[in-house]
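Structure file start.pdb (PDB, C-alpha atoms) is printed below.
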ATOM      1  CA  MET A 151     -11.003 -73.403  42.039
ATOM      2  CA  ASN A 152     -10.104 -73.497  38.337
ATOM      3  CA  ALA A 153      -8.830 -69.925  38.566
ATOM      4  CA  ASP A 154      -6.727 -70.879  41.590
ATOM      5  CA  LYS A 155      -5.319 -73.855  39.693
ATOM      6  CA  GLU A 156      -4.314 -71.632  36.791
ATOM      7  CA  LEU A 157      -2.578 -69.249  39.184
ATOM      8  CA  LEU A 158      -0.793 -72.106  40.949
ATOM      9  CA  ASN A 159       0.466 -73.479  37.655
ATOM     10  CA  LYS A 160       1.645 -70.027  36.617
ATOM     11  CA  HIS A 161       3.714 -69.606  39.760
ATOM     12  CA  ARG A 162       5.012 -73.183  39.673
ATOM     13  CA  TYR A 163       6.690 -72.234  36.408
ATOM     14  CA  PHE A 164       9.262 -70.310  38.438
ATOM     15  CA  LEU A 165      10.551 -73.610  39.842
ATOM     16  CA  LYS A 166      11.094 -75.081  36.382
ATOM     17  CA  ASP A 167      13.926 -74.418  33.958
ATOM     18  CA  SER A 168      11.745 -74.383  30.870
ATOM     19  CA  ILE A 169      12.483 -70.704  30.282
ATOM     20  CA  ARG A 170      16.086 -71.538  29.353
ATOM     21  CA  LYS A 171      14.825 -73.099  26.111
ATOM     22  CA  THR A 172      13.255 -69.792  25.067
ATOM     23  CA  ILE A 173      16.314 -67.564  25.549
ATOM     24  CA  ASN A 174      18.821 -66.673  22.862
ATOM     25  CA  PHE A 175      21.896 -66.338  25.053
ATOM     26  CA  ALA A 176      23.783 -64.652  22.218
ATOM     27  CA  TYR A 177      21.902 -61.509  23.200
ATOM     28  CA  THR A 178      22.702 -61.445  26.910
ATOM     29  CA  ASP A 179      24.807 -58.491  27.975
ATOM     30  CA  GLN A 180      27.767 -60.796  28.569
ATOM     31  CA  ASN A 181      27.708 -62.085  25.007
ATOM     32  CA  GLN A 182      27.118 -58.591  23.654
ATOM     33  CA  GLY A 183      30.476 -57.576  25.095
ATOM     34  CA  ILE A 184      29.094 -55.346  27.837
ATOM     35  CA  MET A 185      31.334 -55.084  30.886
ATOM     36  CA  PRO A 186      30.090 -57.024  33.923
ATOM     37  CA  PRO A 187      28.717 -55.214  36.961
ATOM     38  CA  PRO A 188      30.987 -54.904  40.026
ATOM     39  CA  ILE A 189      31.282 -58.089  42.095
ATOM     40  CA  GLU A 190      30.830 -55.969  45.210
ATOM     41  CA  LYS A 191      28.480 -53.033  45.689
ATOM     42  CA  PRO A 192      30.520 -49.803  45.695
ATOM     43  CA  CYS A 193      30.615 -47.805  48.909
ATOM     44  CA  SER A 194      31.520 -44.321  50.018
ATOM     45  CA  THR A 195      35.100 -43.863  51.154
ATOM     46  CA  ASP A 196      34.055 -41.594  54.026
ATOM     47  CA  LYS A 197      32.045 -44.250  55.861
ATOM     48  CA  THR A 198      33.445 -46.012  58.917
ATOM     49  CA  ARG A 199      34.952 -49.419  58.254
ATOM     50  CA  ILE A 200      35.701 -52.220  60.679
ATOM     51  CA  LYS A 201      38.528 -54.578  59.787
ATOM     52  CA  LEU A 202      37.384 -58.083  60.654
ATOM     53  CA  PRO A 203      39.754 -60.629  62.201
ATOM     54  CA  LYS A 204      40.677 -63.433  59.857
ATOM     55  CA  ILE A 205      42.446 -66.483  61.179
ATOM     56  CA  ASP A 206      42.734 -70.174  60.396
ATOM     57  CA  TRP A 207      39.091 -70.998  61.044
ATOM     58  CA  SER A 208      39.747 -74.726  60.757
ATOM     59  CA  GLU A 209      41.972 -74.481  63.835
ATOM     60  CA  LYS A 210      39.653 -72.180  65.783
ATOM     61  CA  TYR A 211      36.323 -73.889  65.029
ATOM     62  CA  ASN A 212      37.018 -77.542  64.332
ATOM     63  CA  LEU A 213      33.551 -78.984  64.942
ATOM     64  CA  LYS A 214      33.105 -82.088  62.814
ATOM     65  CA  LEU A 215      30.955 -81.460  59.763
ATOM     66  CA  THR A 216      28.763 -84.487  60.437
ATOM     67  CA  GLU A 217      28.201 -83.331  64.020
ATOM     68  CA  ALA A 218      27.209 -79.847  62.833
ATOM     69  CA  MET A 219      24.787 -81.324  60.317
ATOM     70  CA  VAL A 220      23.176 -83.559  62.928
ATOM     71  CA  LYS A 221      22.835 -80.698  65.443
ATOM     72  CA  ARG A 222      21.575 -78.181  62.882
ATOM     73  CA  GLU A 223      18.040 -76.975  63.459
ATOM     74  CA  SER A 224      16.061 -73.749  63.274
ATOM     75  CA  ARG A 225      16.483 -72.000  66.610
ATOM     76  CA  ARG A 226      14.207 -69.159  67.681
ATOM     77  CA  LEU A 227      15.301 -68.697  71.297
ATOM     78  CA  TYR A 228      18.526 -66.843  72.034
ATOM     79  CA  SER A 229      20.415 -65.900  75.176
ATOM     80  CA  GLN A 230      21.496 -62.350  75.985
ATOM     81  CA  GLU A 231      25.162 -63.274  75.534
ATOM     82  CA  PRO A 232      26.873 -61.131  72.880
ATOM     83  CA  LEU A 233      28.754 -62.497  69.910
ATOM     84  CA  SER A 234      32.410 -61.550  69.654
ATOM     85  CA  LEU A 235      33.769 -59.705  66.644
ATOM     86  CA  GLU A 236      35.781 -62.819  65.836
ATOM     87  CA  GLU A 237      32.626 -64.960  65.808
ATOM     88  CA  LEU A 238      30.876 -62.443  63.569
ATOM     89  CA  SER A 239      33.883 -62.460  61.261
ATOM     90  CA  PHE A 240      33.661 -66.243  61.022
ATOM     91  CA  LEU A 241      29.940 -66.185  60.146
ATOM     92  CA  LEU A 242      30.468 -63.567  57.442
ATOM     93  CA  TRP A 243      33.397 -65.498  55.983
ATOM     94  CA  ALA A 244      31.403 -68.749  56.072
ATOM     95  CA  THR A 245      28.475 -67.229  54.176
ATOM     96  CA  GLN A 246      30.100 -64.898  51.632
ATOM     97  CA  GLY A 247      33.861 -64.999  52.198
ATOM     98  CA  VAL A 248      36.139 -64.786  49.166
ATOM     99  CA  ARG A 249      38.613 -67.648  48.686
ATOM    100  CA  PHE A 250      40.332 -66.207  45.617
ATOM    101  CA  ILE A 251      39.698 -63.908  42.654
ATOM    102  CA  ASP A 252      40.275 -64.871  39.039
ATOM    103  CA  GLY A 253      39.567 -62.093  36.576
ATOM    104  CA  ILE A 254      35.937 -61.011  36.925
ATOM    105  CA  ASN A 255      35.086 -63.913  39.236
ATOM    106  CA  ALA A 256      35.354 -63.986  43.024
ATOM    107  CA  PHE A 257      35.232 -67.597  44.206
ATOM    108  CA  ARG A 258      33.592 -67.729  47.611
ATOM    109  CA  THR A 259      32.763 -70.162  50.384
ATOM    110  CA  VAL A 260      29.339 -70.800  48.819
ATOM    111  CA  PRO A 261      28.460 -71.817  45.249
ATOM    112  CA  SER A 262      26.707 -69.461  42.852
ATOM    113  CA  ALA A 263      25.382 -69.990  39.340
ATOM    114  CA  GLY A 264      28.103 -68.887  36.944
ATOM    115  CA  CYS A 265      30.041 -67.480  39.904
ATOM    116  CA  ARG A 266      27.839 -64.394  39.661
ATOM    117  CA  HIS A 267      27.085 -63.998  43.411
ATOM    118  CA  ALA A 268      24.142 -61.608  43.124
ATOM    119  CA  LEU A 269      23.713 -61.187  46.900
ATOM    120  CA  GLU A 270      24.829 -58.459  49.294
ATOM    121  CA  THR A 271      25.003 -59.058  53.054
ATOM    122  CA  TYR A 272      23.560 -56.519  55.488
ATOM    123  CA  ILE A 273      23.482 -57.054  59.223
ATOM    124  CA  ALA A 274      21.363 -55.380  61.863
ATOM    125  CA  VAL A 275      23.666 -55.351  64.885
ATOM    126  CA  PHE A 276      22.087 -55.514  68.344
ATOM    127  CA  ASN A 277      24.659 -57.140  70.622
ATOM    128  CA  ILE A 278      28.143 -57.606  69.187
ATOM    129  CA  GLU A 279      31.195 -56.912  71.341
ATOM    130  CA  ASP A 280      32.980 -53.679  70.350
ATOM    131  CA  VAL A 281      30.471 -52.924  67.559
ATOM    132  CA  ASN A 282      27.864 -50.185  67.959
ATOM    133  CA  PRO A 283      24.253 -51.106  67.122
ATOM    134  CA  GLY A 284      23.105 -50.193  63.631
ATOM    135  CA  ILE A 285      22.974 -51.352  60.043
ATOM    136  CA  TYR A 286      26.213 -52.583  58.474
ATOM    137  CA  ARG A 287      27.171 -54.142  55.159
ATOM    138  CA  TYR A 288      29.802 -56.811  54.616
ATOM    139  CA  LEU A 289      32.595 -56.090  52.131
ATOM    140  CA  PRO A 290      33.789 -59.571  51.127
ATOM    141  CA  LEU A 291      36.692 -58.420  48.932
ATOM    142  CA  SER A 292      38.466 -56.784  51.878
ATOM    143  CA  HIS A 293      36.749 -58.752  54.668
ATOM    144  CA  GLU A 294      35.473 -55.610  56.346
ATOM    145  CA  LEU A 295      32.232 -54.205  57.695
ATOM    146  CA  ILE A 296      31.075 -50.805  56.581
ATOM    147  CA  PHE A 297      28.776 -48.843  58.867
ATOM    148  CA  GLU A 298      25.728 -47.772  56.884
ATOM    149  CA  PHE A 299      23.594 -45.916  59.432
ATOM    150  CA  GLU A 300      22.082 -45.840  62.905
ATOM    151  CA  GLU A 301      18.393 -46.587  63.332
ATOM    152  CA  ASP A 302      16.261 -45.878  66.389
ATOM    153  CA  ASN A 303      14.292 -48.851  67.746
ATOM    154  CA  LEU A 304      16.073 -51.140  65.307
ATOM    155  CA  GLU A 305      14.996 -54.374  67.032
ATOM    156  CA  GLU A 306      11.320 -53.384  66.853
ATOM    157  CA  LYS A 307      11.662 -52.356  63.210
ATOM    158  CA  VAL A 308      13.242 -55.661  62.234
ATOM    159  CA  ILE A 309      10.398 -57.467  64.013
ATOM    160  CA  LYS A 310       7.885 -55.314  62.140
ATOM    161  CA  ALA A 311       9.678 -56.063  58.870
ATOM    162  CA  THR A 312       9.209 -59.785  59.509
ATOM    163  CA  MET A 313       5.502 -59.319  60.174
ATOM    164  CA  GLY A 314       5.714 -59.701  63.924
ATOM    165  CA  GLN A 315       8.078 -62.667  64.175
ATOM    166  CA  ASN A 316       9.554 -61.580  67.494
ATOM    167  CA  PHE A 317      12.652 -63.745  67.414
ATOM    168  CA  SER A 318      13.921 -61.820  64.367
ATOM    169  CA  GLY A 319      14.934 -58.940  66.636
ATOM    170  CA  LYS A 320      15.941 -60.861  69.756
ATOM    171  CA  GLY A 321      19.341 -62.249  68.798
ATOM    172  CA  ALA A 322      22.768 -60.645  68.721
ATOM    173  CA  LEU A 323      22.290 -59.643  65.094
ATOM    174  CA  THR A 324      20.102 -60.301  62.087
ATOM    175  CA  PHE A 325      21.453 -61.116  58.638
ATOM    176  CA  ILE A 326      19.528 -59.548  55.762
ATOM    177  CA  TRP A 327      20.586 -60.554  52.272
ATOM    178  CA  SER A 328      19.671 -58.415  49.304
ATOM    179  CA  ALA A 329      19.756 -59.314  45.628
ATOM    180  CA  ILE A 330      21.266 -57.207  42.875
ATOM    181  CA  PRO A 331      19.597 -59.045  39.968
ATOM    182  CA  TYR A 332      21.691 -57.540  37.175
ATOM    183  CA  ARG A 333      24.764 -59.423  38.343
ATOM    184  CA  MET A 334      22.974 -62.622  37.328
ATOM    185  CA  GLU A 335      20.979 -61.099  34.435
ATOM    186  CA  TRP A 336      24.220 -59.979  32.791
ATOM    187  CA  ARG A 337      24.986 -63.642  32.084
ATOM    188  CA  TYR A 338      21.646 -65.471  32.142
ATOM    189  CA  GLY A 339      18.978 -62.932  31.214
ATOM    190  CA  LEU A 340      15.455 -64.128  32.049
ATOM    191  CA  ALA A 341      16.818 -67.416  33.406
ATOM    192  CA  SER A 342      18.390 -65.575  36.363
ATOM    193  CA  TYR A 343      15.705 -65.532  39.004
ATOM    194  CA  LYS A 344      15.507 -69.136  40.136
ATOM    195  CA  GLU A 345      19.315 -69.116  40.248
ATOM    196  CA  ILE A 346      19.310 -66.181  42.661
ATOM    197  CA  ALA A 347      16.835 -67.932  44.953
ATOM    198  CA  LEU A 348      18.943 -71.110  44.913
ATOM    199  CA  ASP A 349      22.050 -69.087  45.764
ATOM    200  CA  ALA A 350      20.292 -67.600  48.791
ATOM    201  CA  GLY A 351      19.579 -71.124  50.017
ATOM    202  CA  HIS A 352      23.265 -72.050  49.746
ATOM    203  CA  VAL A 353      24.217 -69.030  51.853
ATOM    204  CA  ALA A 354      21.648 -69.731  54.573
ATOM    205  CA  GLN A 355      22.708 -73.368  54.868
ATOM    206  CA  ASN A 356      26.314 -72.311  55.427
ATOM    207  CA  LEU A 357      25.083 -69.961  58.158
ATOM    208  CA  TYR A 358      23.216 -72.792  59.884
ATOM    209  CA  ILE A 359      26.316 -74.998  59.895
ATOM    210  CA  ALA A 360      28.676 -72.198  60.959
ATOM    211  CA  CYS A 361      26.380 -71.218  63.838
ATOM    212  CA  GLU A 362      26.725 -74.701  65.325
ATOM    213  CA  ALA A 363      30.498 -74.235  65.490
ATOM    214  CA  ILE A 364      30.165 -71.153  67.747
ATOM    215  CA  ASN A 365      27.324 -72.477  69.916
ATOM    216  CA  ALA A 366      24.837 -70.151  68.256
ATOM    217  CA  GLY A 367      21.543 -70.654  66.481
ATOM    218  CA  THR A 368      19.667 -69.190  63.550
ATOM    219  CA  CYS A 369      16.335 -69.506  61.788
ATOM    220  CA  ALA A 370      15.987 -68.442  58.174
ATOM    221  CA  ILE A 371      12.966 -66.256  57.405
ATOM    222  CA  ALA A 372      11.361 -65.924  53.976
ATOM    223  CA  ALA A 373       8.142 -64.143  55.076
ATOM    224  CA  TYR A 374       8.590 -60.389  55.400
ATOM    225  CA  ASP A 375       7.155 -57.039  54.352
ATOM    226  CA  GLN A 376       9.125 -56.407  51.173
ATOM    227  CA  GLU A 377       8.531 -52.691  50.844
ATOM    228  CA  TYR A 378       9.016 -51.941  54.545
ATOM    229  CA  LEU A 379      12.284 -53.894  54.710
ATOM    230  CA  ASP A 380      13.652 -52.331  51.520
ATOM    231  CA  ASN A 381      12.873 -48.894  52.923
ATOM    232  CA  LEU A 382      14.491 -49.800  56.239
ATOM    233  CA  LEU A 383      17.709 -50.740  54.433
ATOM    234  CA  LYS A 384      17.407 -47.716  52.109
ATOM    235  CA  LEU A 385      17.298 -49.912  49.000
ATOM    236  CA  ASP A 386      15.544 -48.808  45.824
ATOM    237  CA  GLY A 387      13.446 -51.988  45.624
ATOM    238  CA  GLU A 388      14.133 -52.404  41.904
ATOM    239  CA  ASP A 389      17.847 -52.768  41.186
ATOM    240  CA  GLU A 390      18.427 -54.031  44.725
ATOM    241  CA  PHE A 391      15.957 -55.511  47.189
ATOM    242  CA  ALA A 392      15.889 -57.733  50.274
ATOM    243  CA  ILE A 393      15.479 -61.452  49.618
ATOM    244  CA  TYR A 394      16.213 -63.431  52.817
ATOM    245  CA  ILE A 395      16.607 -62.893  56.572
ATOM    246  CA  ALA A 396      18.208 -64.864  59.417
ATOM    247  CA  PRO A 397      18.634 -63.742  63.035
ATOM    248  CA  VAL A 398      21.577 -65.167  64.968
ATOM    249  CA  GLY A 399      22.127 -65.457  68.696
ATOM    250  CA  LYS A 400      23.874 -67.616  71.246
ATOM    251  CA  LYS A 401      21.860 -70.711  72.131
ATOM    252  CA  ASP A 402      19.462 -70.178  75.020
TER     253      ASP A 402
END

Represent the structure from my file as structure tokens, please.
Amino acid sequence: MNADKELLNKHRYFLKDSIRKTINFAYTDQNQGIMPPPIEKPCSTDKTRIKLPKIDWSEKYNLKLTEAMVKRESRRLYSQEPLSLEELSFLLWATQGVRFIDGINAFRTVPSAGCRHALETYIAVFNIEDVNPGIYRYLPLSHELIFEFEEDNLEEKVIKATMGQNFSGKGALTFIWSAIPYRMEWRYGLASYKEIALDAGHVAQNLYIACEAINAGTCAIAAYDQEYLDNLLKLDGEDEFAIYIAPVGKKD
């Protein structure tokens, strides 16, 4: 039991901000004059892109915020109704959309420590109108989807990646957020990692609220097979790796 207690205390340290007192921030890459990493993961110009509709979302989806907050819950049962491309566009904008850019900073619809936004958004598409199934990545700077690749038996593989949680592959799509830690490390060094986890929580909460506006549901998932999911997304697992998952489907 004593050994377990020591291990628990060691891992609890992650939730504290004590590490900030030990860091000389003069030596972070930012303060050493090193250029920041790109605010969006580069992509090949020969891949297929889908321009997402962008409208006045406040006019289209005007559900009261308090009503959305009251109705919000984790939903694991979804109908077979597809999501429209417009609804997908809204969810992507709500979770990582760019409001404006100022120098090296892209101010988005969710907060991020130091405006570093270390997350990338992948989606496993199963049932979206006018979008072929497969793995896509969101490009927030241009509000586009880029088609990454097809994958046989994608629903089953997403379920396997979430250790058999069947609902993860039963919606219209599944969000999978990855982290590119250096975006945060560039500014905060060893103090970056709790910040990245907090940022992921901000994104998922926006997804929950946005889903209520389109009569859809979601359930965030933090238990998954790290190595299997990274391999599924073709990530290196070191400089970029999966960090959070959330299937989305119309309410059953």

Counting all atoms listed in the file, which residue out of A:Ile184, A:Ile205, A:Ile326, A:Leu213 sits closest to Glu237 in chain A?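 Checking each candidate against Glu237 in chain A, we get A:Ile205 as the closest.
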
Given only C-alpha atoms as the counted atoms, nearest of A:Lys401, A:Leu269, A:Asp389, A:Pro261 to Tyr332 in chain A: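 Using only C-alpha atoms, Tyr332 in chain A sits closest to A:Asp389.
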
Around all of range 279-297 of chain A's listed atoms, make the axis-aligned box with 3 Å on each side and tell me centre and edge lengths in Å to one decimal, as JSON.
{"center_x": 30.7, "center_y": -54.2, "center_z": 60.1, "size_x": 21.5, "size_y": 16.7, "size_z": 28.4}

Which residues of range 248-367 of chain A sit at most 12 Å from range 216-223 of chain A, using all atoms listed in the file? Give each one's shortest atom pair and distance in Å (one decimal place), in chain and ascending residue order, as a Markdown table.
| residue | atom | partner | partner_atom | distance |
| --- | --- | --- | --- | --- |
| A:Ala354 | CA | A:Arg222 | CA | 11.9 |
| A:Gln355 | CA | A:Arg222 | CA | 9.4 |
| A:Asn356 | CA | A:Met219 | CA | 10.4 |
| A:Leu357 | CA | A:Arg222 | CA | 10.1 |
| A:Tyr358 | CA | A:Arg222 | CA | 6.4 |
| A:Ile359 | CA | A:Ala218 | CA | 5.7 |
| A:Ala360 | CA | A:Ala218 | CA | 8.0 |
| A:Cys361 | CA | A:Arg222 | CA | 8.5 |
| A:Glu362 | CA | A:Ala218 | CA | 5.7 |
| A:Ala363 | CA | A:Ala218 | CA | 7.0 |
| A:Ile364 | CA | A:Ala218 | CA | 10.4 |
| A:Asn365 | CA | A:Ala218 | CA | 10.2 |
| A:Ala366 | CA | A:Arg222 | CA | 10.2 |
| A:Gly367 | CA | A:Glu223 | CA | 7.8 |

Pick from A:Leu291, A:Leu383, A:Ile346, A:Ala372: nearest to Ala274 in chain A, with all atoms listed in the file counted? A:Leu383

Taking the file above as input, evaluate the PyMOL selection byres ((chain A and resi 259) around 12) and report the hits as a list in words.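 Taken over the shown coordinates, the PyMOL selection byres ((chain A and resi 259) around 12) returns Phe240, Leu241, Leu242, Trp243, Ala244, Thr245, Gln246, Gly247, Val248, Arg249, Phe250, Ala256, Phe257, Arg258, Val260, Pro261, Ser262, Cys265, His267, Pro290, Asp349, His352, Val353, Ala354, Gln355, Asn356, Leu357 and Ala360 of chain A.
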
When you draw a straight line from CA of Phe175 in chain A to CA of Tyr338 in chain A, how long is it in Å? 7.1 Å

Skipping near chain neighbours, those fewer than 6 positions away, what residues fall within 12 Å of range 196-198 of chain A using only C-alpha atoms, listed as JSON, numbers by chain? {"A": [281, 282, 285, 286, 287, 294, 295, 296, 297, 298, 299]}

Assuming the chain letters and numbering stay as they are in my file, what does the PyMOL selection byres ((chain A and resi 170) around 10) actually select? List them as a count of residues only. 14

For CA of Pro397 in chain A and CA of Gly314 in chain A, the interatomic separation in Å (one decimal):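 Spanning CA of Pro397 in chain A to CA of Gly314 in chain A is a straight-line distance of 13.6 Å.
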
Atoms are missing here; could range 267-291 of chain A be completed with N, CA and C atoms and written as a PDB file, keeping the file's coordinate frame?
ATOM      1  N   HIS A 267      27.241 -64.513  42.038  1.00  0.00           N
ATOM      2  CA  HIS A 267      27.085 -63.998  43.411  1.00  0.00           C
ATOM      3  C   HIS A 267      26.315 -62.672  43.434  1.00  0.00           C
ATOM      4  N   ALA A 268      25.010 -62.791  43.229  1.00  0.00           N
ATOM      5  CA  ALA A 268      24.142 -61.608  43.124  1.00  0.00           C
ATOM      6  C   ALA A 268      23.697 -61.051  44.469  1.00  0.00           C
ATOM      7  N   LEU A 269      24.187 -61.603  45.574  1.00  0.00           N
ATOM      8  CA  LEU A 269      23.713 -61.187  46.900  1.00  0.00           C
ATOM      9  C   LEU A 269      24.662 -60.195  47.561  1.00  0.00           C
ATOM     10  N   GLU A 270      24.079 -59.316  48.369  1.00  0.00           N
ATOM     11  CA  GLU A 270      24.829 -58.459  49.294  1.00  0.00           C
ATOM     12  C   GLU A 270      24.385 -58.811  50.702  1.00  0.00           C
ATOM     13  N   THR A 271      25.291 -58.704  51.672  1.00  0.00           N
ATOM     14  CA  THR A 271      25.003 -59.058  53.054  1.00  0.00           C
ATOM     15  C   THR A 271      24.928 -57.812  53.920  1.00  0.00           C
ATOM     16  N   TYR A 272      23.750 -57.567  54.481  1.00  0.00           N
ATOM     17  CA  TYR A 272      23.560 -56.519  55.488  1.00  0.00           C
ATOM     18  C   TYR A 272      23.354 -57.194  56.830  1.00  0.00           C
ATOM     19  N   ILE A 273      23.776 -56.536  57.891  1.00  0.00           N
ATOM     20  CA  ILE A 273      23.482 -57.054  59.223  1.00  0.00           C
ATOM     21  C   ILE A 273      22.932 -55.929  60.098  1.00  0.00           C
ATOM     22  N   ALA A 274      21.888 -56.267  60.821  1.00  0.00           N
ATOM     23  CA  ALA A 274      21.363 -55.380  61.863  1.00  0.00           C
ATOM     24  C   ALA A 274      22.015 -55.816  63.162  1.00  0.00           C
ATOM     25  N   VAL A 275      22.900 -55.005  63.692  1.00  0.00           N
ATOM     26  CA  VAL A 275      23.666 -55.351  64.885  1.00  0.00           C
ATOM     27  C   VAL A 275      22.930 -54.890  66.127  1.00  0.00           C
ATOM     28  N   PHE A 276      22.717 -55.812  67.060  1.00  0.00           N
ATOM     29  CA  PHE A 276      22.087 -55.514  68.344  1.00  0.00           C
ATOM     30  C   PHE A 276      23.045 -55.705  69.513  1.00  0.00           C
ATOM     31  N   ASN A 277      23.855 -56.783  69.450  1.00  0.00           N
ATOM     32  CA  ASN A 277      24.659 -57.140  70.622  1.00  0.00           C
ATOM     33  C   ASN A 277      25.932 -57.861  70.190  1.00  0.00           C
ATOM     34  N   ILE A 278      26.844 -57.094  69.598  1.00  0.00           N
ATOM     35  CA  ILE A 278      28.143 -57.606  69.187  1.00  0.00           C
ATOM     36  C   ILE A 278      29.211 -56.852  69.968  1.00  0.00           C
ATOM     37  N   GLU A 279      30.141 -57.561  70.564  1.00  0.00           N
ATOM     38  CA  GLU A 279      31.195 -56.912  71.341  1.00  0.00           C
ATOM     39  C   GLU A 279      31.983 -55.929  70.472  1.00  0.00           C
ATOM     40  N   ASP A 280      32.160 -54.718  70.994  1.00  0.00           N
ATOM     41  CA  ASP A 280      32.980 -53.679  70.350  1.00  0.00           C
ATOM     42  C   ASP A 280      32.401 -53.177  69.023  1.00  0.00           C
ATOM     43  N   VAL A 281      31.120 -53.433  68.769  1.00  0.00           N
ATOM     44  CA  VAL A 281      30.471 -52.924  67.559  1.00  0.00           C
ATOM     45  C   VAL A 281      29.189 -52.215  67.971  1.00  0.00           C
ATOM     46  N   ASN A 282      29.059 -50.954  67.603  1.00  0.00           N
ATOM     47  CA  ASN A 282      27.864 -50.185  67.959  1.00  0.00           C
ATOM     48  C   ASN A 282      26.648 -50.714  67.202  1.00  0.00           C
ATOM     49  N   PRO A 283      25.471 -50.693  67.829  1.00  0.00           N
ATOM     50  CA  PRO A 283      24.253 -51.106  67.122  1.00  0.00           C
ATOM     51  C   PRO A 283      24.027 -50.276  65.862  1.00  0.00           C
ATOM     52  N   GLY A 284      23.401 -50.886  64.878  1.00  0.00           N
ATOM     53  CA  GLY A 284      23.105 -50.193  63.631  1.00  0.00           C
ATOM     54  C   GLY A 284      23.077 -51.155  62.464  1.00  0.00           C
ATOM     55  N   ILE A 285      22.978 -50.584  61.276  1.00  0.00           N
ATOM     56  CA  ILE A 285      22.974 -51.352  60.043  1.00  0.00           C
ATOM     57  C   ILE A 285      24.361 -51.290  59.406  1.00  0.00           C
ATOM     58  N   TYR A 286      24.897 -52.467  59.103  1.00  0.00           N
ATOM     59  CA  TYR A 286      26.213 -52.583  58.474  1.00  0.00           C
ATOM     60  C   TYR A 286      26.090 -53.406  57.203  1.00  0.00           C
ATOM     61  N   ARG A 287      27.100 -53.290  56.359  1.00  0.00           N
ATOM     62  CA  ARG A 287      27.171 -54.142  55.159  1.00  0.00           C
ATOM     63  C   ARG A 287      28.545 -54.795  55.117  1.00  0.00           C
ATOM     64  N   TYR A 288      28.553 -56.056  54.716  1.00  0.00           N
ATOM     65  CA  TYR A 288      29.802 -56.811  54.616  1.00  0.00           C
ATOM     66  C   TYR A 288      30.474 -56.535  53.282  1.00  0.00           C
ATOM     67  N   LEU A 289      31.779 -56.283  53.331  1.00  0.00           N
ATOM     68  CA  LEU A 289      32.595 -56.090  52.131  1.00  0.00           C
ATOM     69  C   LEU A 289      33.488 -57.328  51.980  1.00  0.00           C
ATOM     70  N   PRO A 290      33.056 -58.298  51.192  1.00  0.00           N
ATOM     71  CA  PRO A 290      33.789 -59.571  51.127  1.00  0.00           C
ATOM     72  C   PRO A 290      35.181 -59.458  50.513  1.00  0.00           C
ATOM     73  N   LEU A 291      35.390 -58.507  49.595  1.00  0.00           N
ATOM     74  CA  LEU A 291      36.692 -58.420  48.932  1.00  0.00           C
ATOM     75  C   LEU A 291      37.797 -58.025  49.897  1.00  0.00           C
TER      76      LEU A 291
END
